[in-house]
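Enquirer: I'd like to ask you about the structure that follows.
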Amino acid sequence: FSGFDHESLAQALLGLRGRTDGVVFMALEHPLVREAVNTLASDGIPGVTLISDLSASARWAYVGLGNGGTGRLDACLLSRWSAGTNGTFGLIAGSRCYRAHCARESGFLQLMQEKNWADRVMGVREGHDDPESNYLQARLLLQQQPDGSGINNNDGAQEGV
(Lines give C-alpha, C1' and ligand atoms only; values in the text may rest on other atoms or scores of the structure.)
Protein backbone atom coordinates (compact mmCIF):
# COMPACT_ATOMS: atom_id res chain seq x y z
CA PHE A 1 0.00 0.00 0.00
CA SER A 2 1.00 3.63 -0.41
CA GLY A 3 3.04 5.14 2.40
CA PHE A 4 0.52 7.97 2.56
CA ASP A 5 -2.66 5.91 2.88
CA HIS A 6 -3.80 6.08 6.51
CA GLU A 7 -6.73 3.69 5.96
CA SER A 8 -4.50 0.95 4.56
CA LEU A 9 -1.95 1.43 7.35
CA ALA A 10 -4.66 1.19 10.02
CA GLN A 11 -6.08 -1.96 8.40
CA ALA A 12 -2.61 -3.51 8.12
CA LEU A 13 -1.94 -2.80 11.80
CA LEU A 14 -5.29 -4.27 12.87
CA GLY A 15 -4.62 -7.28 10.66
CA LEU A 16 -1.69 -8.13 12.93
CA ARG A 17 -3.94 -8.81 15.93
CA GLY A 18 -3.23 -12.30 17.23
CA ARG A 19 -0.40 -12.76 14.73
CA THR A 20 2.51 -10.87 16.30
CA ASP A 21 4.14 -9.96 19.59
CA GLY A 22 4.89 -6.39 18.51
CA VAL A 23 5.07 -4.07 15.53
CA VAL A 24 7.55 -1.43 14.33
CA PHE A 25 6.25 0.98 11.69
CA MET A 26 6.45 4.51 10.28
CA ALA A 27 3.37 6.27 11.58
CA LEU A 28 1.00 8.52 9.71
CA GLU A 29 -0.57 11.19 11.94
CA HIS A 30 -4.24 10.26 11.63
CA PRO A 31 -7.05 9.22 14.03
CA LEU A 32 -7.55 5.85 12.30
CA VAL A 33 -3.89 4.97 12.77
CA ARG A 34 -4.00 6.16 16.38
CA GLU A 35 -7.07 3.99 17.05
CA ALA A 36 -5.38 0.95 15.48
CA VAL A 37 -2.27 1.44 17.64
CA ASN A 38 -4.43 1.86 20.74
CA THR A 39 -6.37 -1.31 19.88
CA LEU A 40 -3.13 -3.27 19.48
CA ALA A 41 -1.85 -1.88 22.79
CA SER A 42 -5.06 -2.90 24.55
CA ASP A 43 -4.49 -6.43 23.15
CA GLY A 44 -0.99 -6.40 24.66
CA ILE A 45 0.80 -5.81 21.35
CA PRO A 46 3.34 -2.98 21.71
CA GLY A 47 3.83 -0.61 18.80
CA VAL A 48 7.07 1.22 18.10
CA THR A 49 6.98 4.17 15.73
CA LEU A 50 10.03 4.56 13.51
CA ILE A 51 11.21 7.82 11.88
CA SER A 52 7.85 9.58 12.37
CA ASP A 53 5.99 9.46 15.69
CA LEU A 54 2.27 9.32 16.47
CA SER A 55 0.84 11.82 18.94
CA ALA A 56 -1.55 10.96 21.79
CA SER A 57 -1.35 7.24 21.21
CA ALA A 58 -0.55 4.19 23.30
CA ARG A 59 2.49 3.41 21.22
CA TRP A 60 5.27 1.87 23.33
CA ALA A 61 8.23 3.90 22.00
CA TYR A 62 9.51 6.18 19.25
CA VAL A 63 12.83 5.56 17.48
CA GLY A 64 14.11 8.33 15.26
CA LEU A 65 15.59 11.77 14.94
CA GLY A 66 14.71 14.90 16.81
CA ASN A 67 13.02 16.27 13.70
CA GLY A 68 12.61 19.82 14.97
CA GLY A 69 16.38 20.00 15.44
CA THR A 70 16.91 18.53 11.99
CA GLY A 71 14.79 21.31 10.48
CA ARG A 72 16.77 23.93 12.42
CA LEU A 73 20.01 22.42 11.11
CA ASP A 74 18.65 22.63 7.55
CA ALA A 75 17.87 26.32 8.06
CA CYS A 76 21.27 26.96 9.63
CA LEU A 77 23.10 25.40 6.69
CA LEU A 78 20.98 27.12 4.04
CA SER A 79 21.39 30.49 5.73
CA ARG A 80 25.18 30.05 5.90
CA TRP A 81 25.45 28.95 2.29
CA SER A 82 23.30 31.86 1.13
CA ALA A 83 24.88 34.58 3.30
CA GLY A 84 24.91 37.90 1.48
CA THR A 85 22.04 37.02 -0.84
CA ASN A 86 18.47 38.28 -0.66
CA GLY A 87 16.76 35.35 -2.37
CA THR A 88 13.89 33.23 -1.18
CA PHE A 89 13.83 29.70 0.22
CA GLY A 90 11.49 26.93 -0.85
CA LEU A 91 10.33 23.96 1.21
CA ILE A 92 9.39 20.53 -0.08
CA ALA A 93 7.97 17.95 2.34
CA GLY A 94 7.05 14.35 1.71
CA SER A 95 3.65 14.87 3.29
CA ARG A 96 2.18 16.84 6.13
CA CYS A 97 0.50 13.66 7.31
CA TYR A 98 3.89 12.58 8.68
CA ARG A 99 4.60 14.20 12.01
CA ALA A 100 8.34 14.05 11.24
CA HIS A 101 7.93 16.24 8.15
CA CYS A 102 5.83 18.78 10.07
CA ALA A 103 8.42 18.93 12.86
CA ARG A 104 11.25 19.49 10.35
CA GLU A 105 9.24 22.24 8.67
CA SER A 106 8.54 23.83 12.04
CA GLY A 107 12.19 23.72 13.09
CA PHE A 108 13.22 25.24 9.75
CA LEU A 109 10.68 28.04 10.05
CA GLN A 110 11.61 28.75 13.68
CA LEU A 111 15.24 29.39 12.84
CA MET A 112 14.33 31.46 9.78
CA GLN A 113 12.07 33.53 12.06
CA GLU A 114 14.93 34.03 14.52
CA LYS A 115 17.12 35.26 11.66
CA ASN A 116 14.31 37.62 10.53
CA TRP A 117 14.16 35.74 7.26
CA ALA A 118 10.64 34.34 7.65
CA ASP A 119 9.35 36.62 4.90
CA ARG A 120 11.84 35.00 2.52
CA VAL A 121 10.36 31.51 2.96
CA MET A 122 7.85 30.37 0.36
CA GLY A 123 4.99 28.02 1.29
CA VAL A 124 5.68 24.33 1.71
CA ARG A 125 4.92 21.92 -1.11
CA GLU A 126 4.37 18.18 -0.85
CA GLY A 127 6.32 15.78 -3.05
CA HIS A 128 5.04 12.47 -1.59
CA ASP A 129 8.50 10.87 -1.75
CA ASP A 130 8.25 10.77 -5.54
CA PRO A 131 11.27 11.96 -7.59
CA GLU A 132 9.14 13.18 -10.50
CA SER A 133 6.81 15.13 -8.21
CA ASN A 134 9.79 16.66 -6.42
CA TYR A 135 11.33 17.62 -9.74
CA LEU A 136 8.11 19.38 -10.76
CA GLN A 137 7.80 21.12 -7.37
CA ALA A 138 11.43 22.31 -7.53
CA ARG A 139 10.90 23.61 -11.09
CA LEU A 140 7.78 25.50 -10.00
CA LEU A 141 9.66 27.05 -7.08
CA LEU A 142 12.46 28.16 -9.40
CA GLN A 143 10.02 29.54 -11.97
CA GLN A 144 8.10 31.50 -9.33
CA GLN A 145 11.23 32.81 -7.60
CA PRO A 146 14.18 32.84 -10.01
CA ASP A 147 16.21 34.66 -7.33
CA GLY A 148 15.83 31.70 -4.98
CA SER A 149 18.67 31.06 -2.55
CA GLY A 150 17.84 27.45 -1.76
CA ILE A 151 15.34 24.66 -1.35
CA ASN A 152 14.90 22.69 1.87
CA ASN A 153 13.73 19.20 0.99
CA ASN A 154 12.68 16.92 3.84
CA ASP A 155 11.11 14.45 1.42
CA GLY A 156 12.52 11.01 0.76
CA ALA A 157 13.14 11.62 -2.95
CA GLN A 158 16.08 14.02 -3.02
CA GLU A 159 17.12 13.08 -6.54
CA GLY A 160 14.04 14.86 -7.91
CA VAL A 161 15.16 18.17 -6.43
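Residues are referred to by chain and number: the chain letter is A, B, ... according to the order shown in the C-alpha coordinates, the number counts from 1 in that chain, and ligands are numbered separately from 1 in the order shown.
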What's the 12 Å shell around A:Thr39, counting only C-alpha atoms, without same-chain residues fewer than 3 positions away, as a count of residues only?

Expert: 22

Enquirer: Skipping near chain neighbours, those fewer than 4 positions away, what residues fall within 9 Å of stretch 48-52 of chain A using only C-alpha atoms, listed as number ranges by chain?

Expert: A: 22-29, 59-65, 67, 98-101

Enquirer: Give me, please, the distance in Å between atom CA of A:Gly123 and atom CA of A:Gly156, quoted to one decimal.

Expert: 18.6 Å

Enquirer: Mind checking which residues fall within 10 Å of A:Ala157, counting only C-alpha atoms, ignoring those fewer than 2 positions away in the same chain, and posting them as a list in words?

Expert: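 Returned residues: Ala93, Gly94, Gly127, His128, Asp129, Asp130, Pro131, Glu132, Ser133, Asn134, Tyr135, Asn153, Asn154, Asp155, Glu159, Gly160 and Val161 of chain A.
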
Enquirer: Just N, CA and C atoms for this one: save the residues we selected as a tab-separated table (two decimals), in the first residue's frame.

Expert:
```tsv
chain	number	residue	atom	x	y	z
A	93	ALA	N	8.16	19.01	1.35
A	93	ALA	CA	7.97	17.95	2.34
A	93	ALA	C	7.42	16.72	1.65
A	94	GLY	N	7.66	15.57	2.24
A	94	GLY	CA	7.05	14.35	1.71
A	94	GLY	C	5.54	14.46	1.82
A	127	GLY	N	5.81	16.57	-1.93
A	127	GLY	CA	6.32	15.78	-3.05
A	127	GLY	C	5.97	14.31	-2.96
A	128	HIS	N	5.47	13.86	-1.81
A	128	HIS	CA	5.04	12.47	-1.59
A	128	HIS	C	6.12	11.44	-1.91
A	129	ASP	N	7.36	11.78	-1.58
A	129	ASP	CA	8.50	10.87	-1.75
A	129	ASP	C	8.63	10.36	-3.18
A	130	ASP	N	8.21	11.16	-4.13
A	130	ASP	CA	8.25	10.77	-5.54
A	130	ASP	C	9.23	11.68	-6.29
A	131	PRO	N	10.28	11.13	-6.90
A	131	PRO	CA	11.27	11.96	-7.59
A	131	PRO	C	10.67	12.87	-8.66
A	132	GLU	N	9.74	12.36	-9.44
A	132	GLU	CA	9.14	13.18	-10.50
A	132	GLU	C	8.34	14.34	-9.91
A	133	SER	N	7.57	14.07	-8.87
A	133	SER	CA	6.81	15.13	-8.21
A	133	SER	C	7.75	16.17	-7.61
A	134	ASN	N	8.83	15.72	-6.98
A	134	ASN	CA	9.79	16.66	-6.42
A	134	ASN	C	10.46	17.50	-7.50
A	135	TYR	N	10.75	16.88	-8.62
A	135	TYR	CA	11.33	17.62	-9.74
A	135	TYR	C	10.38	18.73	-10.19
A	153	ASN	N	14.53	20.37	1.34
A	153	ASN	CA	13.73	19.20	0.99
A	153	ASN	C	13.80	18.19	2.13
A	154	ASN	N	12.69	17.96	2.82
A	154	ASN	CA	12.68	16.92	3.84
A	154	ASN	C	11.90	15.69	3.37
A	155	ASP	N	11.77	15.56	2.09
A	155	ASP	CA	11.11	14.45	1.42
A	155	ASP	C	12.12	13.33	1.20
A	159	GLU	N	16.62	13.02	-5.17
A	159	GLU	CA	17.12	13.08	-6.54
A	159	GLU	C	16.21	13.90	-7.45
A	160	GLY	N	14.95	14.03	-7.12
A	160	GLY	CA	14.04	14.86	-7.91
A	160	GLY	C	14.36	16.34	-7.80
A	161	VAL	N	14.81	16.76	-6.64
A	161	VAL	CA	15.16	18.17	-6.43
A	161	VAL	C	16.51	18.45	-7.07
```

Enquirer: Find, counting only C-alpha atoms, the residue in A:Leu111, A:Ile92, A:Ala83, A:Ile151 that gets nearest to A:Gly71.

Expert: A:Leu111

Enquirer: Name the residues of stretch 92-143 of chain A that come out as helix (DSSP H, G or I) in a backbone DSSP run; write them as a VMD selection string.

Expert: chain A and resid 99 to 114 118 to 120 131 to 143

Enquirer: According to DSSP computed on the backbone, where in chain A is there strand (DSSP E)? Give the residues as a ChimeraX atom specification.

Expert: /A:23-25,47-50,61-63,89-93,121-126,150-153

Enquirer: For stretch 137-145 of chain A, work out the shell of residues within 7 Å, counting only C-alpha atoms and skipping chain neighbours fewer than 5 positions away, then give it as a list in words.

Expert: Thr88, Gly90, Arg125 and Val161 of chain A

Enquirer: Just the residues within 10 Å of A:Asp147, please, counting only C-alpha atoms, with nothing from its chain fewer than 6 positions along; format it as JSON, numbers by chain.

Expert: {"A": [85, 86, 87, 88, 89]}

Enquirer: Using Å and a single decimal, report how far atom CA of A:Arg120 sits from atom CA of A:Gly68.

Expert: 19.6 Å
